[in-house]
$ cat model-v2.cif   # mmCIF, C-alpha atoms
data_protein
#
loop_
_atom_site.label_atom_id
_atom_site.label_comp_id
_atom_site.auth_asym_id
_atom_site.auth_seq_id
_atom_site.Cartn_x
_atom_site.Cartn_y
_atom_site.Cartn_z
CA MET A 8 180.60 114.71 97.74
CA GLY A 9 182.66 115.20 100.89
CA LYS A 10 185.22 117.92 101.56
CA GLU A 11 188.02 115.33 101.12
CA LYS A 12 187.18 115.02 97.41
CA LEU A 13 185.67 118.43 96.73
CA LEU A 14 188.62 120.55 97.89
CA PRO A 15 191.35 118.91 95.72
CA ILE A 16 189.00 119.01 92.70
CA ALA A 17 188.28 122.73 93.30
CA ALA A 18 192.03 123.41 93.58
CA LEU A 19 192.68 121.54 90.33
CA ILE A 20 189.93 123.47 88.50
CA ILE A 21 191.39 126.72 89.83
CA LEU A 22 194.90 125.85 88.66
CA LEU A 23 193.55 124.93 85.22
CA THR A 24 191.57 128.19 85.02
CA GLY A 25 194.63 130.23 85.99
CA ALA A 26 196.90 128.38 83.56
CA SER A 27 194.51 128.61 80.60
CA SER A 28 193.91 132.33 81.27
CA THR A 29 197.68 132.87 81.32
CA ILE A 30 198.09 131.09 77.97
CA TYR A 31 195.23 133.16 76.50
CA VAL A 32 196.67 136.45 77.83
CA TYR A 33 200.18 135.76 76.50
CA ALA A 34 198.85 134.60 73.11
CA THR A 35 196.73 137.72 72.60
CA GLN A 36 199.41 140.09 73.96
CA GLU A 37 201.98 138.74 71.52
CA VAL A 38 199.68 139.59 68.59
CA ASN A 39 199.31 143.18 69.86
CA ILE A 40 203.06 143.62 70.35
CA VAL A 41 203.91 142.26 66.86
CA GLU A 42 201.26 144.49 65.25
CA ASN A 43 202.65 147.64 66.89
CA MET A 44 206.32 146.74 66.61
CA ASP A 45 207.48 149.28 64.02
CA VAL A 46 206.27 152.63 65.36
CA GLU A 47 204.75 153.85 68.61
CA ILE A 48 201.11 154.22 67.65
CA ILE A 49 197.93 155.07 69.55
CA THR A 50 194.52 154.54 67.97
CA ILE A 51 192.08 157.33 68.79
CA TRP A 52 188.53 157.28 67.49
CA ASN A 53 189.48 154.47 65.06
CA LYS A 54 192.37 156.41 63.52
CA GLN A 55 196.02 155.66 64.15
CA TYR A 56 198.39 158.41 65.30
CA THR A 57 202.08 158.27 66.06
CA ILE A 58 203.22 159.52 69.45
CA GLU A 59 205.36 162.09 67.68
CA TYR A 60 202.33 163.49 65.84
CA ILE A 61 200.17 163.50 68.99
CA PHE A 62 202.83 165.46 70.87
CA SER A 63 203.20 167.93 67.99
CA ILE A 64 199.51 168.89 67.89
CA ALA A 65 198.39 169.00 71.54
CA GLU A 66 199.13 171.58 74.24
CA PRO A 67 201.67 170.55 76.88
CA ARG A 68 200.43 169.96 80.44
CA ALA A 69 202.37 169.29 83.64
CA PHE A 70 201.36 168.18 87.12
CA THR A 71 204.42 169.45 88.97
CA ASP A 72 203.34 168.21 92.39
CA LEU A 73 202.90 164.69 90.99
CA ASN A 74 206.05 164.97 88.86
CA PHE A 75 204.36 164.18 85.55
CA SER A 76 204.40 166.06 82.28
CA GLY A 77 203.04 165.42 78.81
CA ILE A 78 200.18 166.68 76.72
CA ALA A 79 196.66 167.70 77.72
CA LEU A 80 194.21 164.88 76.97
CA ASP A 81 191.25 167.24 76.47
CA ASP A 82 193.23 169.34 73.99
CA LEU A 83 194.28 166.20 72.11
CA ILE A 84 190.64 165.14 71.72
CA ILE A 85 189.70 168.59 70.41
CA LYS A 86 192.70 168.72 68.05
CA ILE A 87 191.91 165.40 66.40
CA GLY A 88 188.55 166.85 65.47
CA ILE A 89 185.93 165.44 67.83
CA ASP A 90 182.90 167.74 67.82
CA CYS A 91 181.06 168.04 71.10
CA PRO A 92 183.73 166.23 73.19
CA GLU A 93 181.56 166.51 76.30
CA CYS A 94 178.91 164.38 74.57
CA TYR A 95 181.12 161.25 74.74
CA THR A 96 182.87 159.02 77.22
CA TYR A 97 186.43 157.84 76.57
CA THR A 98 187.69 154.30 77.06
CA ILE A 99 191.45 154.17 77.48
CA ILE A 100 192.86 150.74 76.62
CA ALA A 101 196.31 149.44 77.56
CA GLU A 102 198.46 146.87 75.74
CA ASP A 103 197.60 144.19 78.34
CA GLY A 104 193.85 144.72 77.94
CA TYR A 105 193.41 146.84 81.08
CA GLN A 106 190.88 149.54 80.30
CA LYS A 107 189.05 152.32 82.05
CA THR A 108 186.22 154.54 80.85
CA ILE A 109 186.25 158.18 81.86
CA LYS A 110 184.17 161.29 81.30
CA TRP A 111 185.04 164.53 79.55
CA GLU A 112 185.45 166.32 82.90
CA ASN A 113 188.15 163.78 83.82
CA MET A 114 189.89 164.29 80.46
CA GLN A 115 190.12 168.00 81.35
CA ASN A 116 192.25 167.01 84.35
CA GLY A 117 194.37 164.45 82.53
CA LEU A 118 197.59 164.20 80.61
CA LEU A 119 199.34 161.70 78.41
CA THR A 120 203.05 161.18 79.07
CA GLU A 121 205.63 160.46 76.37
CA ASP A 122 205.86 156.83 77.51
CA LYS A 123 202.13 156.43 76.79
CA MET A 124 200.73 156.63 80.32
CA THR A 125 197.68 158.61 81.45
CA VAL A 126 197.62 160.59 84.70
CA PHE A 127 194.53 162.30 86.13
CA THR A 128 194.47 164.68 89.07
CA ASP A 129 190.84 163.92 89.91
CA LEU A 130 190.97 160.11 89.70
CA PRO A 131 192.63 157.36 91.76
CA LYS A 132 195.92 155.77 90.71
CA ALA A 133 193.96 152.90 89.14
CA TYR A 134 193.44 155.33 86.26
CA ARG A 135 197.19 155.70 85.64
CA ILE A 136 197.07 153.43 82.62
CA LYS A 137 200.44 152.38 81.19
CA ASN A 138 201.29 151.42 77.59
CA ILE A 139 198.13 152.80 76.03
CA VAL A 140 197.24 151.42 72.61
CA GLU A 141 193.82 152.95 72.09
CA ILE A 142 191.43 155.70 73.18
CA GLU A 143 187.90 154.73 72.18
CA VAL A 144 185.33 157.49 71.85
CA VAL A 145 181.97 156.08 72.89
CA MET B 1 188.48 132.64 124.79
CA ASN B 2 188.55 136.03 126.50
CA LYS B 3 187.09 138.72 124.15
CA MET B 4 189.86 141.18 125.02
CA LYS B 5 192.44 138.61 123.98
CA ILE B 6 190.69 138.15 120.62
CA LEU B 7 190.46 141.92 120.11
CA ALA B 8 194.19 142.29 120.80
CA GLY B 9 194.79 139.45 118.29
CA ILE B 10 192.71 141.21 115.64
CA ILE B 11 194.67 144.43 116.14
CA VAL B 12 198.12 142.81 116.14
CA PHE B 13 197.53 140.55 113.13
CA GLY B 14 195.68 143.30 111.25
CA SER B 15 198.57 145.67 111.95
CA LEU B 16 201.17 143.13 110.78
CA TRP B 17 199.17 142.53 107.61
CA GLY B 18 198.73 146.27 106.99
CA PHE B 19 202.42 146.89 107.69
CA SER B 20 203.39 144.21 105.14
CA GLU B 21 201.03 145.68 102.55
CA CYS B 22 202.39 149.21 103.07
CA ILE B 23 206.10 148.51 103.28
CA ILE B 24 206.74 145.20 101.46
CA GLY B 25 203.80 145.57 99.03
CA SER B 26 204.82 149.10 98.04
CA TYR B 27 208.41 147.96 97.52
CA LEU B 28 207.37 144.98 95.37
CA HIS B 29 205.17 147.31 93.32
CA GLU B 30 208.07 149.74 92.91
CA ILE B 31 210.40 147.06 91.52
CA ASP B 32 207.67 145.87 89.12
CA LEU B 33 206.97 142.51 90.74
CA PRO B 34 203.37 141.19 90.87
CA ALA B 35 202.76 142.77 94.28
CA GLY B 36 199.03 142.01 94.45
CA ALA B 37 199.40 138.28 93.88
CA ILE B 38 202.41 137.98 96.21
CA MET B 39 200.72 139.96 98.97
CA ALA B 40 197.47 137.98 98.68
CA GLY B 41 199.13 134.56 98.29
CA ILE B 42 201.71 134.90 101.06
CA PHE B 43 200.78 137.67 103.50
CA ALA B 44 196.99 137.97 103.38
CA VAL B 45 196.30 134.23 103.26
CA GLY B 46 199.24 133.50 105.58
CA PHE B 47 198.16 135.91 108.32
CA MET B 48 194.51 134.89 108.06
CA PHE B 49 195.29 131.17 108.33
CA ILE B 50 197.81 131.71 111.15
CA SER B 51 195.26 133.71 113.16
CA ARG B 52 192.49 131.17 112.43
CA SER B 53 194.82 128.35 113.53
CA LEU B 54 195.91 130.10 116.72
CA TYR B 55 192.64 131.69 117.89
CA LYS B 56 190.08 129.31 116.30
CA GLN B 57 187.58 132.17 115.98
CA LYS B 58 185.25 133.03 113.09
CA GLY B 59 184.88 136.72 112.17
CA MET B 60 188.35 137.59 113.42
CA GLN B 61 189.85 137.72 109.93
CA LEU B 62 187.29 140.28 108.76
CA GLY B 63 188.30 142.47 111.70
CA MET B 64 191.97 142.01 110.79
CA ALA B 65 191.20 143.07 107.21
CA LEU B 66 189.50 146.24 108.46
CA VAL B 67 192.56 147.10 110.57
CA ALA B 68 194.98 146.33 107.69
CA GLY B 69 192.88 148.24 105.15
CA THR B 70 192.74 151.26 107.46
CA LEU B 71 196.52 151.15 107.90
CA ARG B 72 196.94 150.92 104.10
CA LEU B 73 194.98 154.17 103.77
CA PHE B 74 197.60 155.85 105.97
CA ASN B 75 200.27 155.07 103.38
CA PRO B 76 199.17 156.72 100.13
CA PHE B 77 202.12 155.43 98.09
CA GLY B 78 202.94 152.50 95.85
CA GLY B 79 200.12 152.03 93.36
CA CYS B 80 196.47 152.73 93.97
CA TYR B 81 196.14 152.89 97.76
CA ILE B 82 192.35 153.22 97.75
CA CYS B 83 192.16 150.08 95.56
CA ALA B 84 194.58 148.30 97.90
CA ALA B 85 192.55 149.22 100.99
CA ILE B 86 189.30 148.06 99.35
CA ALA B 87 190.99 144.85 98.17
CA ILE B 88 192.31 144.03 101.66
CA MET B 89 188.88 144.47 103.25
CA ALA B 90 187.25 142.39 100.49
CA GLU B 91 189.86 139.66 101.00
CA GLY B 92 188.95 139.42 104.68
CA ALA B 93 185.24 139.13 103.88
CA LEU B 94 185.86 136.47 101.20
CA PHE B 95 188.07 134.46 103.57
CA GLU B 96 185.28 134.40 106.16
CA LEU B 97 182.80 133.17 103.55
CA LEU B 98 185.14 130.45 102.28
CA LEU B 99 185.93 129.11 105.75
CA TYR B 100 182.41 129.46 107.11
CA ARG B 101 181.71 125.70 106.96
CA MET B 102 185.14 124.65 108.23
CA THR B 103 185.60 123.46 111.80
CA LEU B 104 187.20 125.97 114.16
CA ASP B 105 190.29 123.84 114.71
CA LEU B 106 190.64 123.18 110.94
CA LYS B 107 190.97 119.44 111.54
CA GLU B 108 189.83 118.79 107.93
CA LEU B 109 193.13 120.25 106.77
CA LYS B 110 195.35 117.80 108.65
CA LYS B 111 196.50 116.05 105.46
CA PRO B 112 198.97 118.05 103.34
CA ILE B 113 196.89 117.51 100.17
CA MET B 114 193.88 119.09 101.92
CA SER B 115 195.77 122.08 103.34
CA ALA B 116 197.53 122.71 100.01
CA SER B 117 194.20 122.48 98.15
CA MET B 118 192.63 124.85 100.66
CA GLY B 119 195.55 127.24 100.21
CA ILE B 120 195.22 127.20 96.42
CA THR B 121 191.44 127.67 96.53
CA THR B 122 191.45 130.37 99.20
CA ALA B 123 194.35 132.38 97.75
CA TYR B 124 192.88 132.33 94.24
CA ILE B 125 189.34 133.26 95.26
CA VAL B 126 190.55 135.88 97.75
CA PHE B 127 192.86 137.46 95.15
CA VAL B 128 190.52 137.29 92.13
CA GLY B 129 187.46 138.27 94.20
CA GLY B 130 189.30 141.15 95.86
CA TYR B 131 190.56 142.34 92.48
CA ILE B 132 187.09 142.25 90.90
CA ILE B 133 185.47 144.02 93.87
CA THR B 134 188.18 146.70 93.64
CA GLN B 135 187.63 147.14 89.90
CA ILE B 136 183.94 147.74 90.61
CA LEU B 137 184.18 149.89 93.73
CA THR B 138 187.10 152.17 92.78
CA PRO B 139 185.33 153.66 89.71
CA VAL B 140 182.06 153.84 91.66
CA PHE B 141 183.71 156.01 94.32
CA SER B 142 185.51 158.19 91.74
CA SER B 143 183.90 160.68 89.37
CA ALA B 144 184.44 158.44 86.33
CA GLY B 145 181.81 155.80 87.17
CA PHE B 146 181.77 152.02 86.65
CA TYR B 147 181.53 150.40 83.20
CA ILE B 148 181.06 146.61 83.10
CA GLU B 149 182.79 146.28 79.71
CA ASN B 150 186.07 147.47 81.26
CA LEU B 151 185.89 144.67 83.81
CA ILE B 152 184.97 142.00 81.23
CA ALA B 153 187.85 143.05 78.94
CA PHE B 154 190.34 142.74 81.81
CA LEU B 155 188.92 139.54 83.31
CA PRO B 156 191.39 137.14 81.55
CA GLN B 157 194.27 139.17 83.04
CA ILE B 158 192.77 138.98 86.54
CA LEU B 159 192.17 135.21 86.25
CA SER B 160 195.71 134.78 84.95
CA ARG B 161 197.34 136.85 87.72
CA GLY B 162 195.53 134.77 90.31
CA LEU B 163 197.58 131.72 89.33
CA LEU B 164 200.66 133.01 91.16
CA ALA B 165 198.57 133.80 94.26
CA ALA B 166 197.11 130.27 94.14
CA ILE B 167 200.54 128.61 93.93
CA LEU B 168 201.87 130.75 96.79
CA GLY B 169 198.75 130.08 98.88
CA GLY B 170 199.10 126.34 98.26
CA SER B 171 202.61 126.48 99.68
CA ILE B 172 201.99 128.80 102.64
CA VAL B 173 198.79 127.30 104.12
CA PRO B 174 200.26 123.84 104.98
CA ILE B 175 202.92 125.72 107.01
CA ALA B 176 200.42 128.08 108.69
CA ILE B 177 198.18 125.12 109.64
CA LEU B 178 201.03 123.63 111.71
CA LEU B 179 200.34 126.34 114.33
CA ARG B 180 196.86 124.99 115.12
CA ASN B 181 198.17 122.93 118.04
CA ILE B 182 199.32 126.05 119.86
CA ASP B 183 196.76 127.23 122.42
CA ILE B 184 196.90 131.01 122.55
CA ALA B 185 194.48 131.01 125.54
CA LYS B 186 197.26 129.52 127.65
CA VAL B 187 199.61 132.45 127.04
CA ARG B 188 199.79 134.51 130.25
CA ASP B 189 198.12 137.93 130.13
CA ILE B 190 201.21 139.64 131.51
CA THR B 191 203.15 138.54 128.42
CA TYR B 192 200.33 138.57 125.85
CA TYR B 193 198.91 142.10 126.17
CA PRO B 194 202.19 144.07 126.31
CA THR B 195 203.60 142.04 123.37
CA THR B 196 200.54 142.57 121.15
CA ALA B 197 200.41 146.27 122.09
CA VAL B 198 204.10 146.86 121.31
CA VAL B 199 204.01 144.93 118.00
CA SER B 200 200.84 146.75 116.87
CA ALA B 201 202.24 150.15 117.85
CA LEU B 202 205.52 149.47 116.04
CA CYS B 203 203.65 148.56 112.84
CA TRP B 204 201.61 151.77 112.91
CA ILE B 205 204.60 153.95 113.83
CA ALA B 206 206.69 152.43 111.02
CA VAL B 207 203.98 153.09 108.43
CA ILE B 208 203.41 156.65 109.62
CA ILE B 209 207.18 157.39 109.66
CA ASN B 210 207.51 155.86 106.17
CA THR B 211 204.69 158.11 104.94
CA LEU B 212 206.27 161.22 106.51
CA LEU B 213 209.70 160.35 105.07
CA ILE B 214 208.28 159.95 101.56
CA LEU B 215 206.43 163.24 101.94
CA GLY B 216 209.72 164.82 103.05
CA LEU B 217 208.24 166.27 106.24
#

$ encode --input "model-v2.cif" --output "structure tokens"
Amino acid sequence: MGKEKLLPIAALIILLTGASSTIYVYATQEVNIVENMDVEIITIWNKQYTIEYIFSIAEPRAFTDLNFSGIALDDLIIKIGIDCPECYTYTIIAEDGYQKTIKWENMQNGLLTEDKMTVFTDLPKAYRIKNIVEIEVV
Amino acid sequence: MNKMKILAGIIVFGSLWGFSECIIGSYLHEIDLPAGAIMAGIFAVGFMFISRSLYKQKGMQLGMALVAGTLRLFNPFGGCYICAAIAIMAEGALFELLLYRMTLDLKELKKPIMSASMGITTAYIVFVGGYIITQILTPVFSSAGFYIENLIAFLPQILSRGLLAAILGGSIVPIAILLRNIDIAKVRDITYYPTTAVVSALCWIAVIINTLLILGL
């Protein structure tokens, strides 16, 4: 098949792939938003916690030079009762499906803000995950 | 074409691309617009096709990406700047691969349907490929490490975000291709070198001043 035919077909396939992915993303996101509509909840280690509760149990932490404050992620993990926190890795999952897995040493340099965003001093900005819905302990 | 002329072209187009990423890209990111897709679909693909049309040289776009990525590292604001720098360099490499079998004067893209299709294909692959490479390399270079399941879970989002880049690329490439009749070799050295030097310098100075202003120095 020559370029004259191949290129428009490739473009069409690409547009269809992009469009179907967009439909899939919006369909699955809507389910997540409806499920979490009533209260601000984060699931940690398969248990659901309200933001209010999380902020009441964990130690505050601030990164003044970065202008962020919230609670210490490592303290949160300890307070919810995970034994041997350094034995696990932690997958932080956002509402839109974006997720990043981090180690305990990173958690020790991280905080969770009140608007459900993580900030780490030892990781790139790609790890500033917004609208967190879950922290998986793996 | 004279190698010095090509080198000056790499620097000036790479600087313009890097300047756009740092100033316009950071601004788009700040106002919550899909900066990555807009930058890839309009600026990255636009500058790479313009330079390919004008200079008709393979390999030049990879050089431009290295210059732009380096400039992006000078501006550590507006999202993940390491990711952005990696993405820009990956975009340049992907562009070279995609256009490897094309003729130097891009005569295959004379018809609007062909140039629009090329724009859609290139912008989508450059954006999605750059995004995936970034998602792999950023964790590898950080202390957290790379986990394939994170990439797989986010793949539908990446494929979806590429749609905007593809549509923008499909619109910008037919315009960029129009420049292929201009012969840059005919531009007199006395005009060409000072112009490229001044434009490149202005781009770098603007980015450095922007960085210093944000830092409050």

$ atom_distance --input "model-v2.cif" --atom1 "CA of Ala185 in chain B" --atom2 "CA of Met4 in chain B"
11.2 Å

$ closest_atom_pairs --input "model-v2.cif" --of "chain B" --to "chain A" --cutoff "8 Å" --atoms "only C-alpha atoms" --output "Markdown table"
| residue | atom | partner | partner_atom | distance |
| --- | --- | --- | --- | --- |
| B:Gly79 | CA | A:Lys132 | CA | 6.2 |
| B:Cys80 | CA | A:Lys132 | CA | 4.5 |
| B:Tyr81 | CA | A:Lys132 | CA | 7.6 |
| B:Ile82 | CA | A:Pro131 | CA | 7.3 |
| B:Cys83 | CA | A:Ala133 | CA | 7.2 |
| B:Glu108 | CA | A:Glu11 | CA | 7.9 |
| B:Ile113 | CA | A:Pro15 | CA | 7.2 |
| B:Met114 | CA | A:Pro15 | CA | 6.7 |
| B:Ser117 | CA | A:Ala18 | CA | 5.1 |
| B:Met118 | CA | A:Leu14 | CA | 6.5 |
| B:Ile120 | CA | A:Ala18 | CA | 5.7 |
| B:Thr121 | CA | A:Ala18 | CA | 5.2 |
| B:Tyr124 | CA | A:Ile21 | CA | 7.3 |
| B:Thr138 | CA | A:Pro131 | CA | 7.7 |
| B:Ser142 | CA | A:Leu130 | CA | 6.1 |
| B:Ser143 | CA | A:Leu130 | CA | 7.1 |
| B:Ala144 | CA | A:Ile109 | CA | 4.8 |
| B:Gly145 | CA | A:Ile109 | CA | 7.3 |
| B:Phe146 | CA | A:Thr108 | CA | 7.7 |
| B:Tyr147 | CA | A:Thr108 | CA | 6.7 |
| B:Asn150 | CA | A:Gln106 | CA | 5.3 |
| B:Leu151 | CA | A:Gln106 | CA | 7.8 |
| B:Ala153 | CA | A:Gly104 | CA | 6.3 |
| B:Phe154 | CA | A:Tyr105 | CA | 5.2 |
| B:Pro156 | CA | A:Ser28 | CA | 5.4 |
| B:Gln157 | CA | A:Val32 | CA | 6.3 |
| B:Leu159 | CA | A:Gly25 | CA | 5.6 |
| B:Ser160 | CA | A:Thr29 | CA | 4.6 |
| B:Arg161 | CA | A:Gly25 | CA | 7.4 |
| B:Gly162 | CA | A:Gly25 | CA | 6.3 |
| B:Leu163 | CA | A:Gly25 | CA | 4.7 |
| B:Ala166 | CA | A:Leu22 | CA | 7.4 |

$ residues_near_point --input "model-v2.cif" --point "(202.4, 170.5, 79.6)" --cutoff "12 Å" --atoms "all atoms listed in the file" --output "PyMOL selection string"
chain A and resi 62-63+65-71+74-80+82-83+116-121

$ resolve_selection --input "model-v2.cif" --expression "the PyMOL selection byres ((chain B and resi 39) around 10)" --output "ChimeraX atom specification"
/B:17,20-21,24-25,28,34-38,40-46,88,123,127,165,168

$ atom_distance --input "model-v2.cif" --atom1 "CA of Ile182 in chain B" --atom2 "CA of Val12 in chain B"
17.2 Å

$ closest_residue --input "model-v2.cif" --among "A:Gln115, A:Pro92, A:Ile87, A:Glu102" --to "Lys137 in chain A" --atoms "only C-alpha atoms"
A:Glu102

$ closest_residue --input "model-v2.cif" --among "A:Ala34, A:Ile49, A:Met124, A:Ile58" --to "Val140 in chain A" --atoms "only C-alpha atoms"
A:Ile49

$ closest_residue --input "model-v2.cif" --among "B:Pro194, B:Pro112, B:Gly59, B:Gly119" --to "Ala8 in chain B" --atoms "all atoms listed in the file"
B:Pro194

$ closest_residue --input "model-v2.cif" --among "B:Phe19, B:Phe141, B:Tyr193, B:Tyr131" --to "Asn75 in chain B" --atoms "only C-alpha atoms"
B:Phe19

$ resolve_selection --input "model-v2.cif" --expression "the PyMOL selection byres ((chain B and resi 68) around 9)" --output "list in words"
Ile11, Phe13, Gly14, Ser15, Leu16, Trp17, Gly18, Phe19, Glu21, Gly63, Met64, Ala65, Leu66, Val67, Gly69, Thr70, Leu71, Arg72, Leu73, Ala85, Ile88 and Met89 of chain B

$ write_last_selection --input "model-v2.cif" --atoms "C-alpha atoms" --output "short mmCIF file (atom, residue, chain, number, x, y, z; two decimals), in the frame of the given file"
data_model
loop_
_atom_site.label_atom_id
_atom_site.label_comp_id
_atom_site.auth_asym_id
_atom_site.auth_seq_id
_atom_site.Cartn_x
_atom_site.Cartn_y
_atom_site.Cartn_z
CA ILE B 11 194.67 144.43 116.14
CA PHE B 13 197.53 140.55 113.13
CA GLY B 14 195.68 143.30 111.25
CA SER B 15 198.57 145.67 111.95
CA LEU B 16 201.17 143.13 110.78
CA TRP B 17 199.17 142.53 107.61
CA GLY B 18 198.73 146.27 106.99
CA PHE B 19 202.42 146.89 107.69
CA GLU B 21 201.03 145.68 102.55
CA GLY B 63 188.30 142.47 111.70
CA MET B 64 191.97 142.01 110.79
CA ALA B 65 191.20 143.07 107.21
CA LEU B 66 189.50 146.24 108.46
CA VAL B 67 192.56 147.10 110.57
CA GLY B 69 192.88 148.24 105.15
CA THR B 70 192.74 151.26 107.46
CA LEU B 71 196.52 151.15 107.90
CA ARG B 72 196.94 150.92 104.10
CA LEU B 73 194.98 154.17 103.77
CA ALA B 85 192.55 149.22 100.99
CA ILE B 88 192.31 144.03 101.66
CA MET B 89 188.88 144.47 103.25
#

$ decode --input "model-v2.cif" --residues "range 9-22 of chain A" --atoms "N, CA and C atoms" --output "mmCIF file, in the first residue's frame"
data_model
loop_
_atom_site.group_PDB
_atom_site.id
_atom_site.type_symbol
_atom_site.label_atom_id
_atom_site.label_comp_id
_atom_site.auth_asym_id
_atom_site.auth_seq_id
_atom_site.Cartn_x
_atom_site.Cartn_y
_atom_site.Cartn_z
ATOM 1 N N GLY A 9 0.577 2.196 -0.883
ATOM 2 C CA GLY A 9 1.388 3.394 -0.980
ATOM 3 C C GLY A 9 1.085 4.398 0.131
ATOM 4 N N LYS A 10 1.990 5.396 0.231
ATOM 5 C CA LYS A 10 1.816 6.426 1.266
ATOM 6 C C LYS A 10 0.494 7.168 1.103
ATOM 7 N N GLU A 11 0.054 7.325 -0.162
ATOM 8 C CA GLU A 11 -1.184 8.072 -0.460
ATOM 9 C C GLU A 11 -2.390 7.475 0.241
ATOM 10 N N LYS A 12 -2.392 6.136 0.406
ATOM 11 C CA LYS A 12 -3.518 5.476 1.070
ATOM 12 C C LYS A 12 -3.220 5.266 2.555
ATOM 13 N N LEU A 13 -1.975 4.902 2.824
ATOM 14 C CA LEU A 13 -1.586 4.528 4.191
ATOM 15 C C LEU A 13 -1.739 5.690 5.182
ATOM 16 N N LEU A 14 -1.318 6.867 4.783
ATOM 17 C CA LEU A 14 -1.298 8.014 5.701
ATOM 18 C C LEU A 14 -2.706 8.440 6.146
ATOM 19 N N PRO A 15 -3.676 8.606 5.201
ATOM 20 C CA PRO A 15 -5.038 8.934 5.665
ATOM 21 C C PRO A 15 -5.647 7.839 6.537
ATOM 22 N N ILE A 16 -5.351 6.571 6.233
ATOM 23 C CA ILE A 16 -5.894 5.467 7.053
ATOM 24 C C ILE A 16 -5.303 5.537 8.464
ATOM 25 N N ALA A 17 -3.983 5.777 8.540
ATOM 26 C CA ALA A 17 -3.322 5.887 9.859
ATOM 27 C C ALA A 17 -3.931 7.044 10.656
ATOM 28 N N ALA A 18 -4.169 8.164 9.978
ATOM 29 C CA ALA A 18 -4.755 9.333 10.662
ATOM 30 C C ALA A 18 -6.148 9.013 11.182
ATOM 31 N N LEU A 19 -6.923 8.289 10.373
ATOM 32 C CA LEU A 19 -8.288 7.911 10.771
ATOM 33 C C LEU A 19 -8.256 6.984 11.985
ATOM 34 N N ILE A 20 -7.348 6.002 11.953
ATOM 35 C CA ILE A 20 -7.223 5.060 13.091
ATOM 36 C C ILE A 20 -6.848 5.838 14.355
ATOM 37 N N ILE A 21 -5.942 6.789 14.198
ATOM 38 C CA ILE A 21 -5.499 7.596 15.344
ATOM 39 C C ILE A 21 -6.664 8.403 15.921
ATOM 40 N N LEU A 22 -7.430 9.025 15.054
ATOM 41 C CA LEU A 22 -8.575 9.819 15.534
ATOM 42 C C LEU A 22 -9.592 8.929 16.245
#
